[in-house]
Structure formats: C-alpha cells, structure tokens
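Asker: My structure is stored as my_file-v5.cif, with mmCIF, C-alpha atoms.
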data_coords
#
loop_
_atom_site.label_atom_id
_atom_site.label_comp_id
_atom_site.auth_asym_id
_atom_site.auth_seq_id
_atom_site.Cartn_x
_atom_site.Cartn_y
_atom_site.Cartn_z
CA MET A 22 134.87 61.47 81.18
CA ARG A 23 132.69 63.88 79.21
CA VAL A 24 131.55 63.27 75.67
CA SER A 25 133.28 66.48 74.59
CA ARG A 26 136.63 64.89 75.55
CA LEU A 27 135.80 61.88 73.43
CA TRP A 28 135.22 64.14 70.47
CA ARG A 29 138.52 65.94 70.90
CA ALA A 30 140.24 62.59 70.65
CA ALA A 31 138.04 61.31 67.80
CA ALA A 32 138.62 61.70 64.09
CA PRO A 33 136.87 64.63 62.40
CA LEU A 34 134.59 62.33 60.47
CA ILE A 35 132.92 59.50 62.30
CA THR A 36 130.07 57.28 61.29
CA ALA A 37 126.76 57.59 63.03
CA GLY A 38 126.96 53.97 64.12
CA ALA A 39 130.40 54.46 65.66
CA LEU A 40 129.18 57.55 67.44
CA ALA A 41 126.25 55.71 68.95
CA LEU A 42 128.59 52.99 70.21
CA ALA A 43 131.01 55.57 71.61
CA LEU A 44 128.29 57.34 73.50
CA ALA A 45 127.02 54.06 74.88
CA VAL A 46 130.49 53.13 76.11
CA VAL A 47 131.51 56.51 77.49
CA GLY A 48 128.11 57.39 78.89
CA CYS A 49 126.43 60.74 79.20
CA SER A 50 126.91 63.27 81.93
CA SER A 51 124.59 65.62 83.72
CA SER A 52 125.49 68.73 85.65
CA SER A 53 126.39 66.48 88.56
CA ASP A 54 128.19 63.83 86.50
CA GLY A 55 125.25 61.47 86.67
CA ASP A 56 121.63 61.10 85.72
CA SER A 57 119.48 63.82 87.19
CA ALA A 58 115.83 63.53 88.04
CA SER A 59 113.36 66.12 89.15
CA ALA A 60 113.36 67.40 92.69
CA SER A 61 109.60 67.76 92.59
CA ALA A 62 106.89 65.79 90.87
CA ALA A 63 104.82 67.35 88.11
CA PRO A 64 101.02 67.41 88.42
CA SER A 65 100.68 64.41 86.09
CA GLN A 66 103.31 61.70 86.08
CA VAL A 67 105.20 60.95 82.88
CA SER A 68 108.07 58.49 82.76
CA GLY A 69 110.94 58.10 80.35
CA THR A 70 114.44 59.29 79.55
CA LEU A 71 115.51 62.45 77.76
CA ARG A 72 119.04 62.57 76.34
CA LEU A 73 119.88 66.22 75.81
CA GLY A 74 122.96 67.69 74.13
CA TYR A 75 124.47 71.19 74.25
CA PHE A 76 127.83 73.00 74.13
CA PRO A 77 130.03 74.53 76.83
CA ASN A 78 129.47 77.90 75.11
CA LEU A 79 127.70 81.01 76.36
CA THR A 80 125.55 80.82 73.23
CA HIS A 81 124.00 77.75 74.89
CA ALA A 82 123.24 79.63 78.11
CA PRO A 83 119.57 78.53 78.24
CA ALA A 84 120.79 74.94 78.60
CA LEU A 85 123.68 75.72 80.95
CA TYR A 86 121.56 77.96 83.17
CA GLY A 87 118.52 75.71 83.12
CA VAL A 88 120.42 72.55 84.06
CA GLU A 89 122.44 74.33 86.75
CA LYS A 90 119.34 75.92 88.32
CA GLY A 91 117.39 72.66 88.24
CA ILE A 92 114.77 74.11 85.90
CA PHE A 93 114.89 71.17 83.52
CA ALA A 94 114.63 68.63 86.31
CA LYS A 95 111.67 70.47 87.83
CA GLU A 96 109.75 70.92 84.60
CA LEU A 97 110.40 67.39 83.32
CA GLY A 98 109.11 65.86 86.53
CA SER A 99 110.38 63.09 88.77
CA GLY A 100 109.45 60.35 86.29
CA VAL A 101 111.75 61.63 83.55
CA ILE A 102 115.47 60.89 83.74
CA LEU A 103 117.57 63.66 82.20
CA LYS A 104 120.91 62.67 80.66
CA THR A 105 123.10 65.45 79.29
CA SER A 106 126.08 65.39 76.92
CA THR A 107 128.34 68.21 75.76
CA PHE A 108 129.86 68.74 72.32
CA ASN A 109 132.31 71.10 70.66
CA SER A 110 130.26 71.80 67.54
CA GLY A 111 126.90 71.25 65.93
CA VAL A 112 128.37 68.92 63.31
CA GLN A 113 129.30 66.47 66.05
CA GLU A 114 126.02 66.87 67.89
CA ALA A 115 124.02 66.47 64.69
CA GLU A 116 125.63 63.08 64.12
CA ALA A 117 124.57 62.07 67.62
CA VAL A 118 120.98 63.11 66.96
CA LEU A 119 120.81 61.36 63.58
CA SER A 120 122.31 58.18 65.01
CA GLY A 121 119.65 58.10 67.72
CA ALA A 122 122.20 58.63 70.49
CA LEU A 123 120.52 61.92 71.48
CA ASP A 124 116.83 62.76 71.69
CA ALA A 125 117.16 66.54 71.59
CA GLY A 126 119.85 69.16 71.54
CA TYR A 127 120.75 72.83 71.54
CA ILE A 128 122.48 73.34 68.21
CA GLY A 129 123.40 75.92 65.60
CA PRO A 130 121.10 76.60 62.63
CA ASN A 131 123.32 75.18 59.90
CA PRO A 132 123.88 71.75 61.51
CA ALA A 133 120.15 71.67 62.21
CA VAL A 134 119.46 72.29 58.53
CA ASN A 135 122.05 69.68 57.51
CA SER A 136 120.38 67.07 59.71
CA PHE A 137 117.01 67.87 58.17
CA ILE A 138 118.36 67.61 54.62
CA LYS A 139 120.36 64.41 55.24
CA SER A 140 117.23 62.69 56.48
CA ASN A 141 115.08 63.96 53.60
CA GLY A 142 113.15 66.12 56.03
CA GLU A 143 112.19 63.22 58.26
CA ALA A 144 114.53 62.90 61.25
CA VAL A 145 114.45 66.23 63.10
CA ARG A 146 112.34 69.27 63.94
CA ILE A 147 113.28 72.67 65.36
CA ILE A 148 110.91 73.22 68.27
CA SER A 149 112.21 76.49 69.72
CA GLY A 150 114.81 79.18 69.52
CA ALA A 151 117.30 79.82 72.30
CA THR A 152 119.94 82.45 71.50
CA SER A 153 120.60 85.24 69.03
CA GLY A 154 123.98 86.89 68.45
CA GLY A 155 127.32 86.21 70.07
CA ALA A 156 129.67 85.46 67.16
CA ALA A 157 132.54 87.42 65.64
CA LEU A 158 135.68 87.29 63.53
CA VAL A 159 138.62 88.16 65.79
CA VAL A 160 142.04 88.67 64.19
CA ARG A 161 145.58 89.88 64.87
CA PRO A 162 145.59 93.61 65.74
CA ASP A 163 147.62 94.50 62.64
CA ILE A 164 144.85 93.23 60.36
CA THR A 165 142.54 96.18 59.75
CA SER A 166 140.69 95.26 56.54
CA VAL A 167 139.20 92.24 54.81
CA ALA A 168 141.79 92.60 52.01
CA GLN A 169 144.55 91.83 54.53
CA LEU A 170 142.99 88.43 55.22
CA LYS A 171 144.45 87.06 51.99
CA GLY A 172 147.16 84.55 52.86
CA THR A 173 146.04 84.15 56.47
CA THR A 174 144.88 81.08 58.38
CA LEU A 175 141.59 81.41 60.24
CA ALA A 176 139.84 78.93 62.53
CA THR A 177 136.19 77.91 62.88
CA PRO A 178 134.64 75.31 65.22
CA SER A 179 134.13 72.72 62.44
CA LEU A 180 133.53 72.41 58.72
CA GLY A 181 129.95 73.31 57.87
CA ASN A 182 129.01 74.60 61.31
CA THR A 183 127.23 77.94 61.68
CA GLN A 184 130.34 80.09 62.17
CA ASP A 185 132.21 78.22 59.42
CA VAL A 186 129.44 79.06 56.95
CA ALA A 187 129.37 82.68 58.12
CA LEU A 188 133.12 83.07 57.57
CA ARG A 189 133.16 81.40 54.15
CA TYR A 190 130.23 83.50 52.96
CA TYR A 191 131.81 86.72 54.25
CA LEU A 192 135.08 85.93 52.45
CA LYS A 193 133.29 84.98 49.23
CA LYS A 194 131.28 88.18 49.06
CA ASN A 195 134.55 90.08 49.53
CA GLY A 196 136.24 88.26 46.65
CA LEU A 197 138.34 85.80 48.65
CA LYS A 198 138.28 82.10 47.77
CA THR A 199 138.28 79.14 50.16
CA ASP A 200 137.86 75.41 49.86
CA THR A 201 136.99 72.59 52.22
CA GLN A 202 140.59 71.31 52.28
CA GLY A 203 142.02 74.50 53.77
CA GLY A 204 143.26 75.95 50.50
CA GLY A 205 142.38 79.11 48.60
CA ASP A 206 143.08 82.76 49.35
CA VAL A 207 142.34 82.16 53.02
CA SER A 208 143.06 78.85 54.74
CA ILE A 209 140.21 77.85 57.05
CA LYS A 210 141.20 75.46 59.81
CA PRO A 211 138.36 73.82 61.73
CA GLN A 212 139.35 73.11 65.34
CA ASP A 213 137.94 72.62 68.81
CA ASN A 214 137.02 75.95 70.42
CA SER A 215 139.00 74.96 73.51
CA LEU A 216 142.19 74.99 71.40
CA THR A 217 141.58 78.22 69.51
CA ALA A 218 142.81 80.74 72.09
CA ASP A 219 146.12 78.90 72.54
CA ALA A 220 146.52 78.53 68.77
CA PHE A 221 145.98 82.28 68.39
CA THR A 222 148.43 83.13 71.18
CA ASN A 223 151.03 80.79 69.65
CA LYS A 224 150.47 82.39 66.21
CA ALA A 225 149.37 79.08 64.69
CA ILE A 226 146.31 80.94 63.38
CA ASP A 227 145.74 84.58 62.49
CA GLY A 228 142.21 84.74 63.82
CA ALA A 229 138.92 82.90 64.07
CA TRP A 230 135.20 83.28 63.44
CA VAL A 231 133.82 81.80 66.66
CA PRO A 232 130.94 81.98 69.14
CA GLU A 233 131.13 83.36 72.65
CA PRO A 234 133.01 83.05 74.91
CA THR A 235 135.81 82.07 72.50
CA ALA A 236 135.59 85.37 70.62
CA SER A 237 136.08 87.37 73.83
CA ARG A 238 138.91 85.04 74.88
CA LEU A 239 140.73 85.94 71.66
CA VAL A 240 140.20 89.64 72.33
CA ALA A 241 141.60 89.16 75.84
CA ALA A 242 144.59 87.44 74.21
CA GLY A 243 145.35 90.57 72.17
CA GLY A 244 143.04 90.14 69.19
CA LYS A 245 140.65 92.68 67.70
CA VAL A 246 137.14 92.24 66.36
CA LEU A 247 137.27 92.68 62.60
CA VAL A 248 133.66 91.60 62.04
CA ASP A 249 130.83 91.53 64.56
CA GLU A 250 128.39 89.14 62.90
CA ALA A 251 125.46 91.27 64.04
CA ASP A 252 126.60 93.88 61.52
CA GLU A 253 126.15 91.31 58.74
CA TRP A 254 122.39 91.06 59.40
CA PRO A 255 120.87 94.48 58.61
CA GLU A 256 117.72 92.82 57.24
CA THR A 257 116.92 91.45 60.73
CA LYS A 258 118.21 94.52 62.58
CA GLY A 259 121.29 92.72 63.85
CA GLN A 260 119.40 89.69 65.15
CA PHE A 261 120.51 86.29 63.86
CA VAL A 262 119.86 82.87 65.28
CA THR A 263 122.87 81.26 66.93
CA THR A 264 121.23 78.40 68.81
CA VAL A 265 117.97 76.50 68.37
CA LEU A 266 116.39 73.58 70.23
CA LEU A 267 116.15 70.50 68.02
CA VAL A 268 114.38 67.18 68.65
CA ARG A 269 114.27 63.85 66.85
CA THR A 270 110.93 63.55 65.08
CA ALA A 271 110.47 59.98 66.28
CA TYR A 272 111.02 61.06 69.88
CA LEU A 273 108.56 63.93 69.49
CA LYS A 274 105.89 61.58 68.18
CA LYS A 275 106.49 59.00 70.90
CA ASN A 276 106.94 61.41 73.82
CA PRO A 277 104.95 64.59 73.11
CA GLU A 278 104.43 65.37 76.80
CA ILE A 279 108.15 65.10 77.61
CA VAL A 280 108.89 67.39 74.66
CA ARG A 281 106.28 69.85 75.91
CA ARG A 282 108.01 69.89 79.28
CA LEU A 283 111.39 70.32 77.58
CA VAL A 284 110.13 73.37 75.68
CA THR A 285 108.55 74.68 78.90
CA ALA A 286 111.92 74.36 80.62
CA ASN A 287 113.66 76.15 77.76
CA VAL A 288 111.21 79.06 77.95
CA ALA A 289 111.52 79.17 81.75
CA SER A 290 115.33 79.28 81.48
CA ILE A 291 115.17 82.09 78.94
CA ASN A 292 112.75 84.00 81.16
CA GLY A 293 115.12 83.57 84.09
CA LEU A 294 118.13 84.76 82.10
CA ASN A 295 116.26 87.85 80.94
CA ALA A 296 114.74 88.64 84.35
CA ASP A 297 118.17 89.27 85.86
CA ARG A 298 120.96 89.20 83.28
CA ASP A 299 123.75 89.72 85.81
CA ALA A 300 122.59 86.84 87.99
CA GLY A 301 122.02 84.74 84.87
CA ALA A 302 125.57 85.37 83.74
CA LYS A 303 126.96 84.20 87.08
CA VAL A 304 124.91 81.00 87.12
CA THR A 305 125.83 80.25 83.51
CA ASN A 306 129.50 80.88 84.25
CA THR A 307 129.35 78.50 87.21
CA ALA A 308 127.92 75.80 84.96
CA LEU A 309 130.51 76.54 82.30
CA GLY A 310 133.28 76.29 84.88
CA LYS A 311 132.15 72.79 85.85
CA LEU A 312 132.36 71.67 82.24
CA ALA A 313 135.53 73.51 81.24
CA GLY A 314 137.48 73.08 84.48
CA LYS A 315 137.35 76.75 85.45
CA PRO A 316 134.92 79.65 85.00
CA LEU A 317 135.51 82.60 82.70
CA SER A 318 137.27 85.67 83.97
CA ASP A 319 135.01 88.63 84.78
CA LYS A 320 136.51 90.54 81.85
CA VAL A 321 135.75 87.83 79.30
CA LEU A 322 132.30 87.11 80.75
CA THR A 323 131.25 90.77 80.69
CA SER A 324 132.47 91.25 77.12
CA ALA A 325 130.81 88.11 75.82
CA TRP A 326 127.51 88.41 77.66
CA LYS A 327 126.58 91.81 76.26
CA SER A 328 126.42 90.47 72.69
CA LEU A 329 123.90 87.72 73.49
CA THR A 330 120.11 87.85 73.28
CA PHE A 331 118.08 84.99 74.73
CA THR A 332 114.78 84.32 72.99
CA PRO A 333 112.53 81.36 72.16
CA ASP A 334 112.06 82.92 68.71
CA PRO A 335 114.21 80.89 66.25
CA ILE A 336 114.40 83.97 64.00
CA ALA A 337 113.44 81.74 61.10
CA ALA A 338 114.26 84.33 58.44
CA SER A 339 117.93 84.37 59.46
CA LEU A 340 118.09 80.56 59.65
CA LEU A 341 116.70 80.15 56.15
CA THR A 342 119.02 82.84 54.81
CA SER A 343 122.02 81.12 56.39
CA ALA A 344 120.95 77.83 54.82
CA LYS A 345 120.74 79.45 51.38
CA ARG A 346 124.25 80.83 51.89
CA GLN A 347 125.41 77.33 52.70
CA GLN A 348 123.93 76.17 49.40
CA GLU A 349 125.63 79.04 47.55
CA LEU A 350 128.95 77.91 49.02
CA GLY A 351 128.38 74.40 47.67
CA LEU A 352 128.23 72.80 51.12
CA ILE A 353 124.67 71.51 50.59
CA LYS A 354 122.67 70.71 47.45
CA ASN A 355 119.00 71.04 46.59
CA PRO A 356 117.85 71.97 50.10
CA LYS A 357 114.18 71.77 51.01
CA PHE A 358 113.15 73.39 54.27
CA ASP A 359 109.40 72.79 54.40
CA GLY A 360 108.55 71.21 57.74
CA ILE A 361 111.87 71.91 59.49
CA PHE A 362 110.01 73.94 62.16
CA ASP A 363 107.36 72.58 64.49
CA LEU A 364 106.56 75.49 66.79
CA THR A 365 103.09 74.28 67.81
CA ILE A 366 104.07 73.43 71.39
CA LEU A 367 106.16 76.57 71.79
CA ASN A 368 103.41 78.89 70.60
CA ASP A 369 100.87 77.20 72.84
CA ILE A 370 103.15 77.77 75.83
CA LEU A 371 103.78 81.39 74.84
CA SER A 372 100.05 81.98 74.38
CA LYS A 373 99.33 80.73 77.88
CA GLN A 374 101.97 83.15 79.19
CA GLY A 375 100.30 86.02 77.34
CA LYS A 376 103.16 86.36 74.85
CA PRO A 377 102.95 86.68 71.06
CA ALA A 378 103.49 83.67 68.82
CA VAL A 379 106.73 83.28 66.89
CA SER A 380 106.94 82.70 63.15
CA ASP A 381 108.42 79.82 61.18
CA SER A 382 109.18 81.99 58.15
#
Show me this structure written as structure tokens.
Answerer:
Amino acid sequence: MRVSRLWRAAAPLITAGALALALAVVGCSSSSDGDSASASAAPSQVSGTLRLGYFPNLTHAPALYGVEKGIFAKELGSGVILKTSTFNSGVQEAEAVLSGALDAGYIGPNPAVNSFIKSNGEAVRIISGATSGGAALVVRPDITSVAQLKGTTLATPSLGNTQDVALRYYLKKNGLKTDTQGGGDVSIKPQDNSLTADAFTNKAIDGAWVPEPTASRLVAAGGKVLVDEADEWPETKGQFVTTVLLVRTAYLKKNPEIVRRLVTANVASINGLNADRDAGAKVTNTALGKLAGKPLSDKVLTSAWKSLTFTPDPIAASLLTSAKRQQELGLIKNPKFDGIFDLTILNDILSKQGKPAVSDS
C-alpha cells in the first residue's frame, strides 16, 4: 500500500505526529515496492538511510526517471538504503518532512516556503531545482475569458500548494474574490489530482489549475487551456519553478555526504532527461505507470512533456515572487526567506562539470 493511498483516505488536516505514526505503520515504498540499495559501490563507503518523497506527476520527472533508471541507487552507493514515498501534494509532503518522517523530498516552491516559515527558518533547506513549467488552468470549452469564471468551481491539488496559490493570485488580480472555505466569486475545491479528471468529466468542477500530466488529461477529456502559467511569468521569460529538492536541515548537517550524493543523482537524472527527451519521457512514463496503475496515453504524454523544462536551477526569483503572492493572499504572514537556499553542494557539483553556478536570488 503506497503512502499516496493513505493520504487519499486521510483527513485534509493531519498533525505531524499522526503523520509520522502513519508512515511508520504503512511503510515507505521504492520503485520495486521495497527498500532499494545501490547496484554498485561508490569509491568511498557511506552508510545510512535516505527517506525520499516525490509525486506521481511529470513535474517530478527527475525523481521518477532517476529512481526507475537506478541513478539514485548508483550515486548513493551500496551502503545507503533508499526508501521512497509518494504524495499527492506538497502540503502533505511538507508535513512529512517537518515531522521527521522524510529526510528529503521533491516539492513545490510554496510548500517549501511554508515549511521554512513554520520552522522559523530552521527545519529545511532548498538544495537544488528540478523542474520549471508544466502547470495550467484548464476549463470547460465554453469558458473563453476570465470574467466567465465568476460562479464556477475550480480545483487545485490542495489549499496553499503551488498551483492553488497561482490560481488564487490570478483570480485576485482579475478582480475575482476567493476564500479558503470555497466561497467567493469562484469556489476553489482542493482535491487529489487523481480525482480531478473524473470530476471534470462528471461536471462536478468547471476546471482546474493543475500540474502535468493532470492538465493534459483534462484537455484530453474535452477541456481547453484558459491560462498557461508560463504566460504569467514574463519577468523570467516564461520560466517558473515548479519543483525543487528540499532536505531537512538536521539531516543535511548529520549526513552531508549522503546529501551530496543525492544532489549528484538529481543532476545526473536531469542530464539524462535532457540528453534524450523522448527516451526520458518513456522511462518517466513507465515509472508513473507503476505508481498510478497504468502509464499515460501517448497523446497525454506528448502534450504534457513539451511544457516541462528540467533544470537544477531553482529559479529563485520566481520562487520568492510566488511566496510574496502567497503573503498578499493572506495565506502566510511576515515571511522571512533568508537562508532558505543552500546551493553550496549543487554549485560545487556544477563547477566540476564545467557548468555555471546557479543563483539563490
């Protein structure tokens, strides 16, 4: 039983302590439904366990691809046990990280910021980027303007997650009110991405602001893209961070070499995805199929894949802007972001590969 199934059955709000207990009872799963270790030893032996979280989304392709190809196992080395868990949204995964049930995770920028703020800047650090792009607002085909969204019901993965903040900010700047209880000019209904396509087909919702592949699934179900989120980021030329790699600060301090190998694996996965995008899409889809029960159709995969950019650059400017929008919406108060990034390991790895450093501002 995967952790993602536990979450679908769990209440929307769950205490960190209860989450830790649930994860301990249910257990974590790897790509082969068990703990995975390296197939080959690293030059210097390091031992320990790394509990890594990510989503069954194409926006988390560096994780899906890297685990499926054995890149993480190889780079971590035979002494490190890799345990993986999957989640529906960053809000859920953030709780797992803060409770100590996860050591690191691929997560959206807003939940990463929330975790940093909740812990007064102590508990977590962003150590790399992973993915840019791959999110959109898909609606009924008869909706052709933002004004027609008034009175509709739209879905997002969860309250306060990256796409939820993007939708609320877009509506606000266009004069439409929302609230966290689903009221206002537009009712926002947080729900599991796995339920969104059926809800749209059954007319329970009028659309959704969601990551890939859910956005392309809605298009395949007859929806139309009203807003490609890339168009909302002219200041970064259409690039906006969708997924970052986050680690618990305590784990980083205790296991710096394991974290270095984790970042190395992330960069290697991104390099592999970019070296042959078609092959990368197939491997990622295979991994996704194992988690979701079946792979994506070629039509959905092709549509979704073209909107994604894989990069270790966390595109810090877009992350900080998104966090400020979250504050403007009243979802966070008095945010302080100093220290949220620790890109030292990443930039050292990039330097050794002859690549330019990435910025934390």
Asker: For Arg161 in chain A, find every residue with an atom within 8 Å (counting all atoms listed in the file), except residues of its own chain fewer than 4 positions away, and show them as an NGL selection string.
Answerer: :A and (227-228 or 243-245)
Asker: Which neighbours of Gly74 in chain A fall inside 9 Å, counting only C-alpha atoms, when residues of the same chain fewer than 2 positions from it are skipped, and could you give them as a PyMOL selection string?
Answerer: chain A and resi 72+76+84+104-108+114+117-118+123-128
Asker: Excluding Gln66 in chain A and residues on its chain fewer than 4 positions from it, collect all residues at most 10 Å away from it, counting only C-alpha atoms, and give them as a list in words.
Answerer: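 With the cut-off at 10 Å, the set is Ala62, Leu97, Gly98, Ser99, Gly100 and Val101 of chain A.
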Asker: Starting from the shown file, work through the PyMOL selection byres ((chain A and resi 381) around 6) and note down what comes out as an mmCIF file with C-alpha atoms, in the frame of the given file.
Answerer:
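Done, and the output landed in selection16.cif:
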data_model
loop_
_atom_site.group_PDB
_atom_site.id
_atom_site.type_symbol
_atom_site.label_atom_id
_atom_site.label_comp_id
_atom_site.auth_asym_id
_atom_site.auth_seq_id
_atom_site.Cartn_x
_atom_site.Cartn_y
_atom_site.Cartn_z
ATOM 1 C CA ALA A 337 113.440 81.740 61.100
ATOM 2 C CA SER A 380 106.940 82.700 63.150
ATOM 3 C CA SER A 382 109.180 81.990 58.150
#
Asker: Would you kindly translate the PyMOL selection byres ((chain A and resi 184-190) around 8) into the concrete residues it picks from this file, as a list in words?
Answerer: Asn131, Ala156, Leu158, Thr177, Pro178, Ser179, Leu180, Gly181, Asn182, Thr183, Tyr191, Leu192, Lys193, Lys194, Thr199, Pro211, Trp230, Val231, Pro232, Ser343, Arg346, Gln347 and Leu350 of chain A
Asker: Give as a ChimeraX atom specification the residues that the PyMOL selection byres ((chain A and resi 268-281) around 7) matches when applied to the coordinates above.
Answerer: /A:97,118,124-126,143-148,266-267,282-285,366
Asker: For CA of Ile209 in chain A and CA of Thr330 in chain A, quote the distance in Å rounded to one decimal.
Answerer: 27.7 Å
Asker: Closest to Trp326 in chain A among A:Lys345, A:Lys303, A:Lys95, A:Lys171, using all atoms listed in the file?
Answerer: A:Lys303
Asker: Mind listing whatever residues come within 8 Å of the point (125.7, 92.5, 65.7)? Use all atoms listed in the file, file coordinates, and give them as a list in words.
Answerer: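 Using all atoms listed in the file, the matching residues come out as Gly154, Gly155, Asp249, Glu250, Ala251, Asp252, Glu253, Trp254, Gly259, Gln260 and Ser328 of chain A.
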